[in-house]
Structures are given as structure tokens and as C-alpha cells.
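Below is final_32.pdb, which holds PDB, C-alpha atoms.
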MODEL        1
ATOM      1  CA  GLU A   4      24.756  -2.000  42.026
ATOM      2  CA  ILE A   5      23.637  -1.992  38.452
ATOM      3  CA  HIS A   6      21.473  -4.968  37.475
ATOM      4  CA  ILE A   7      21.113  -5.992  33.837
ATOM      5  CA  VAL A   8      18.620  -8.686  32.864
ATOM      6  CA  LEU A   9      19.823 -10.717  29.903
ATOM      7  CA  THR A  10      16.992 -10.578  27.377
ATOM      8  CA  ARG A  11      16.824 -10.907  23.605
ATOM      9  CA  GLN A  12      16.913  -7.096  23.292
ATOM     10  CA  VAL A  13      19.825  -6.558  25.705
ATOM     11  CA  VAL A  14      22.238  -9.310  24.647
ATOM     12  CA  PRO A  15      23.226  -7.889  21.221
ATOM     13  CA  ARG A  16      24.032  -4.581  22.951
ATOM     14  CA  LEU A  17      25.632  -6.041  26.072
ATOM     15  CA  LYS A  18      29.237  -5.084  25.279
ATOM     16  CA  ALA A  19      28.192  -1.536  24.344
ATOM     17  CA  LEU A  20      26.190  -1.377  27.571
ATOM     18  CA  ALA A  21      29.242  -2.519  29.556
ATOM     19  CA  GLU A  22      31.307   0.207  27.878
ATOM     20  CA  PHE A  23      28.602   2.780  28.661
ATOM     21  CA  ILE A  24      28.449   1.714  32.300
ATOM     22  CA  TRP A  25      32.215   1.895  32.663
ATOM     23  CA  SER A  26      32.392   5.323  31.015
ATOM     24  CA  ASN A  27      29.458   6.845  32.873
ATOM     25  CA  PHE A  28      29.218   4.922  36.158
ATOM     26  CA  PRO A  29      32.773   3.912  37.117
ATOM     27  CA  PHE A  30      31.756   4.425  40.752
ATOM     28  CA  ALA A  31      29.215   1.568  40.640
ATOM     29  CA  GLN A  32      29.975  -0.937  43.380
ATOM     30  CA  ARG A  33      29.044  -3.939  41.248
ATOM     31  CA  VAL A  34      27.579  -4.828  37.871
ATOM     32  CA  CYS A  35      25.210  -7.792  38.034
ATOM     33  CA  LEU A  36      24.327  -9.656  34.860
ATOM     34  CA  MET A  37      21.163 -11.622  35.470
ATOM     35  CA  GLY A  38      19.462 -14.512  33.751
ATOM     36  CA  MET A  39      15.770 -13.894  33.179
ATOM     37  CA  GLU A  40      13.143 -15.348  35.493
ATOM     38  CA  PRO A  41      10.350 -16.657  33.250
ATOM     39  CA  VAL A  42       7.340 -15.372  35.217
ATOM     40  CA  GLY A  43       4.729 -12.670  34.885
ATOM     41  CA  LEU A  44       5.200 -10.441  31.852
ATOM     42  CA  GLY A  45       8.475 -12.224  31.114
ATOM     43  CA  TRP A  46       6.533 -15.455  30.655
ATOM     44  CA  GLU A  47       3.712 -13.807  28.738
ATOM     45  CA  ASN A  48       6.220 -12.178  26.362
ATOM     46  CA  ARG A  49       8.747 -15.020  26.277
ATOM     47  CA  SER A  50       8.732 -15.242  22.489
ATOM     48  CA  ASN A  51       9.966 -11.630  22.388
ATOM     49  CA  VAL A  52      12.302 -11.479  25.394
ATOM     50  CA  TRP A  53      13.656 -14.977  26.158
ATOM     51  CA  ILE A  54      17.056 -15.923  24.818
ATOM     52  CA  ASP A  55      18.661 -19.263  25.550
ATOM     53  CA  PRO A  56      21.787 -18.804  27.703
ATOM     54  CA  SER A  57      23.719 -20.998  25.255
ATOM     55  CA  ASP A  58      23.162 -18.308  22.641
ATOM     56  CA  TYR A  59      24.782 -15.444  24.568
ATOM     57  CA  GLN A  60      27.924 -16.883  26.101
ATOM     58  CA  LYS A  61      30.253 -14.903  23.808
ATOM     59  CA  GLU A  62      28.524 -11.587  24.556
ATOM     60  CA  LEU A  63      28.451 -12.365  28.280
ATOM     61  CA  LYS A  64      32.114 -13.363  28.352
ATOM     62  CA  ASP A  65      33.222 -10.309  26.330
ATOM     63  CA  SER A  66      31.275  -7.958  28.605
ATOM     64  CA  VAL A  67      32.513  -9.534  31.832
ATOM     65  CA  GLU A  68      36.124  -9.499  30.608
ATOM     66  CA  PHE A  69      35.786  -5.847  29.547
ATOM     67  CA  LEU A  70      34.477  -4.768  32.956
ATOM     68  CA  VAL A  71      36.846  -6.921  35.023
ATOM     69  CA  ALA A  72      39.871  -5.678  33.053
ATOM     70  CA  ARG A  73      38.939  -2.171  34.202
ATOM     71  CA  GLY A  74      38.591  -3.139  37.842
ATOM     72  CA  ALA A  75      34.814  -3.448  38.017
ATOM     73  CA  ARG A  76      33.270  -6.004  40.348
ATOM     74  CA  VAL A  77      31.004  -8.271  38.322
ATOM     75  CA  SER A  78      28.521 -10.942  39.388
ATOM     76  CA  ILE A  79      26.439 -13.289  37.295
ATOM     77  CA  TYR A  80      23.069 -14.138  38.836
ATOM     78  CA  ASN A  81      20.419 -16.696  37.940
ATOM     79  CA  GLU A  82      22.599 -18.756  35.620
ATOM     80  CA  GLN A  83      23.549 -22.416  35.760
ATOM     81  CA  LEU A  84      27.154 -23.587  35.662
ATOM     82  CA  CYS A  85      26.477 -26.139  32.923
ATOM     83  CA  LEU A  86      25.332 -23.325  30.625
ATOM     84  CA  LEU A  87      28.112 -20.857  31.453
ATOM     85  CA  ASP A  88      31.474 -20.638  29.762
ATOM     86  CA  ARG A  89      33.820 -22.180  32.323
ATOM     87  CA  SER A  90      35.880 -18.958  32.505
ATOM     88  CA  LEU A  91      32.777 -17.239  33.943
ATOM     89  CA  TRP A  92      32.173 -19.666  36.803
ATOM     90  CA  ARG A  93      34.095 -17.518  39.298
ATOM     91  CA  TYR A  94      31.575 -14.695  38.771
ATOM     92  CA  ALA A  95      28.496 -16.909  39.127
ATOM     93  CA  CYS A  96      26.582 -16.484  42.378
ATOM     94  CA  LYS A  97      24.049 -18.749  43.996
ATOM     95  CA  SER A  98      21.532 -15.924  43.910
ATOM     96  CA  ILE A  99      18.120 -17.600  43.644
ATOM     97  CA  SER A 100      16.355 -17.705  47.011
ATOM     98  CA  GLY A 101      16.142 -21.200  48.466
ATOM     99  CA  TRP A 102      12.340 -21.231  48.397
ATOM    100  CA  LYS A 103      12.375 -20.394  44.652
ATOM    101  CA  ARG A 104      15.338 -22.578  43.648
ATOM    102  CA  ILE A 105      14.986 -26.001  42.075
ATOM    103  CA  TYR A 106      17.229 -28.388  40.203
ATOM    104  CA  LEU A 107      15.963 -30.192  37.125
ATOM    105  CA  ASP A 108      16.046 -33.961  36.665
ATOM    106  CA  GLU A 109      19.134 -33.487  34.473
ATOM    107  CA  CYS A 110      20.945 -32.130  37.547
ATOM    108  CA  GLY A 111      20.529 -35.365  39.506
ATOM    109  CA  LEU A 112      23.960 -36.722  38.582
ATOM    110  CA  CYS A 113      25.752 -33.365  38.589
ATOM    111  CA  SER A 114      28.787 -33.041  40.835
ATOM    112  CA  HIS A 115      28.470 -29.227  40.974
ATOM    113  CA  THR A 116      24.991 -28.653  42.416
ATOM    114  CA  GLY A 117      26.587 -27.352  45.616
ATOM    115  CA  GLU A 118      28.089 -24.410  43.717
ATOM    116  CA  CYS A 119      25.425 -24.036  41.038
ATOM    117  CA  GLY A 120      22.716 -21.413  41.389
ATOM    118  CA  GLY A 121      20.058 -23.822  40.200
ATOM    119  CA  PHE A 122      16.880 -22.703  38.480
ATOM    120  CA  PHE A 123      13.876 -20.612  39.333
ATOM    121  CA  ALA A 124      10.949 -22.947  39.999
ATOM    122  CA  SER A 125       9.266 -21.255  37.038
ATOM    123  CA  ALA A 126      12.111 -22.458  34.785
ATOM    124  CA  LYS A 127      10.676 -25.988  34.682
ATOM    125  CA  ARG A 128       8.671 -24.643  31.738
ATOM    126  CA  LEU A 129      11.484 -22.643  30.122
ATOM    127  CA  HIS A 130      15.208 -23.205  30.522
ATOM    128  CA  GLY A 131      18.339 -23.506  28.419
ATOM    129  CA  ARG A 132      18.389 -26.315  25.879
ATOM    130  CA  ASN A 133      21.872 -27.499  26.884
ATOM    131  CA  VAL A 134      21.263 -28.228  30.574
ATOM    132  CA  HIS A 135      23.314 -31.257  31.563
ATOM    133  CA  ALA A 136      25.015 -32.843  34.535
ATOM    134  CA  LEU A 137      28.639 -31.865  35.077
ATOM    135  CA  ARG A 138      30.873 -34.620  36.370
ATOM    136  CA  ASN A 139      34.288 -34.466  37.920
ATOM    137  CA  PRO A 140      36.849 -36.510  35.996
ATOM    138  CA  SER A 141      37.241 -39.991  37.509
TER
ENDMDL
END
Translate this file's structure into C-alpha cells.
Amino acid sequence: EIHIVLTRQVVPRLKALAEFIWSNFPFAQRVCLMGMEPVGLGWENRSNVWIDPSDYQKELKDSVEFLVARGARVSIYNEQLCLLDRSLWRYACKSISGWKRIYLDECGLCSHTGECGGFFASAKRLHGRNVHALRNPS
């Protein structure tokens, strides 16, 4: 597996990185695109490395579509369904360990918490600005 953490420095180069991976590592079993956990040096350097997930949906979608079109297996880790482009939901995995996973107050009325990966407990301090409850049509 190749794991790529989605940071401010990586996101603008994500499609080029996907192309590089496909060209040079076509044998990779899976490419995992991972939301950042805001702890340790990530927290200390958040002003330099954090990027709101709402700000990289186009780059994420373009990169996933590029890899999938070539037969690569792709997973998205550490991201919340309400922040992902709906076309990416099928790649989203509930990857945060249960002891580290929380749901924010905004998630209380969400009808998709069963499928959603939730948040790192550390994300109470730093998370996407567009977190919201998803509701099934009535």
C-alpha cells in the first residue's frame, strides 16, 4: 500500500503524484489517500500543513478517478462523508480506530454515522468548516 496524507503541500500536487504512482508503482496493491490527524507535529505546524477538506475535493476526485480508471484500488481514510464529494463515498473507509473515533455535535442528527469514518478525537480542535448532518430524504 502507498499512503498519502493530504496536507497543504501535497494537495496541489496530488494529481501529478497519482500519475507518478501509476507510472512507477503500478504493482501497488492499494493507494490510500488520508485525511490528516491533527496531533503532534501536525498540530504544532497546523498553520503550514492543515488544509480544510472542503478545499481539496476537486484534486481528490481527479486523482481518485485517474487511478481508478487505470485499475488501481483506491481507499480514502480519515475523511467524513459530509465533507466528501458524493462520488467518492464508495472509496471512503471507516479507518479511524474505535478508541480514537468521535462524532461531533453536528453529527447528532446525521443519518449516515453508521457508514461515516467519524473524526479523530483530536479533531475537536481542528476539523473541516462544512461539517453537517446528512439526512435521508423523507
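Once range 112-115 of chain A and its same-chain neighbours fewer than 3 positions away are set aside, Leu84, Glu109, Glu118, Cys119, His135, Ala136, Leu137, Arg138 and Asn139 of chain A remain within 8 Å of it when counting only C-alpha atoms.
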Exercise. When distances are computed from only C-alpha atoms, which of A:Ala124, A:Ile5, A:Val134, A:Leu63 shows the smallest separation from Glu40 in chain A?
Worked result: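 Closest to Glu40 in chain A of all the choices is A:Ala124.
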Problem set entry | Nearest residue to Arg11 in chain A from the set A:Val77, A:Ile54, A:Leu87, A:Ala95 (distances using only C-alpha atoms) | A:Ile54
Centre and size of axis-aligned box enclosing range 68-85 of chain A plus 4 Å each side, as AutoDock Vina command-line options:
--center_x 30.1 --center_y -14.2 --center_z 34.9 --size_x 27.5 --size_y 32.0 --size_z 18.8
For this session: Can you turn the PyMOL selection byres ((chain A and resi 120) around 12) into a concrete residue list for this file, as a PyMOL selection string?
Result: chain A and resi 37-38+79-87+92+94-101+103-107+110+115-119+121-124
Exercise. If you apply the PyMOL selection byres ((chain A and resi 12) around 12) to this file, what residues do you get, as a list in words?
Worked result: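 Given this file, the PyMOL selection byres ((chain A and resi 12) around 12) evaluates to Ile7, Val8, Leu9, Thr10, Arg11, Val13, Val14, Pro15, Arg16, Leu17, Leu20, Arg49, Ser50, Asn51, Val52, Trp53, Ile54 and Tyr59 of chain A.
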Exercise. What is the CA of Phe69 in chain A-CA of Asn27 in chain A distance in Å, reported with one decimal?
Worked result: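 Computed distance, CA of Phe69 in chain A to CA of Asn27 in chain A, equals 14.6 Å.
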Exercise. Which residues fall under the PyMOL selection byres ((chain A and resi 132) around 10) in this file, as a ChimeraX atom specification?
Worked result: /A:55-58,86,129-131,133-135
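For the residues A:Leu91, A:Leu44, A:Ala75, A:Met39, ranking by smallest atom-to-atom distance to Ala21 in chain A using all atoms listed in the file places A:Ala75 first.
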For this session: Calculate how many Å separate CA of Pro41 in chain A from CA of Gln60 in chain A, rounding to one decimal.
Result: 19.0 Å
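With distances restricted to all atoms listed in the file, A:Arg33 is the closest residue to Ser78 in chain A from A:Arg33, A:Ala19, A:Gly43, A:Asn48.
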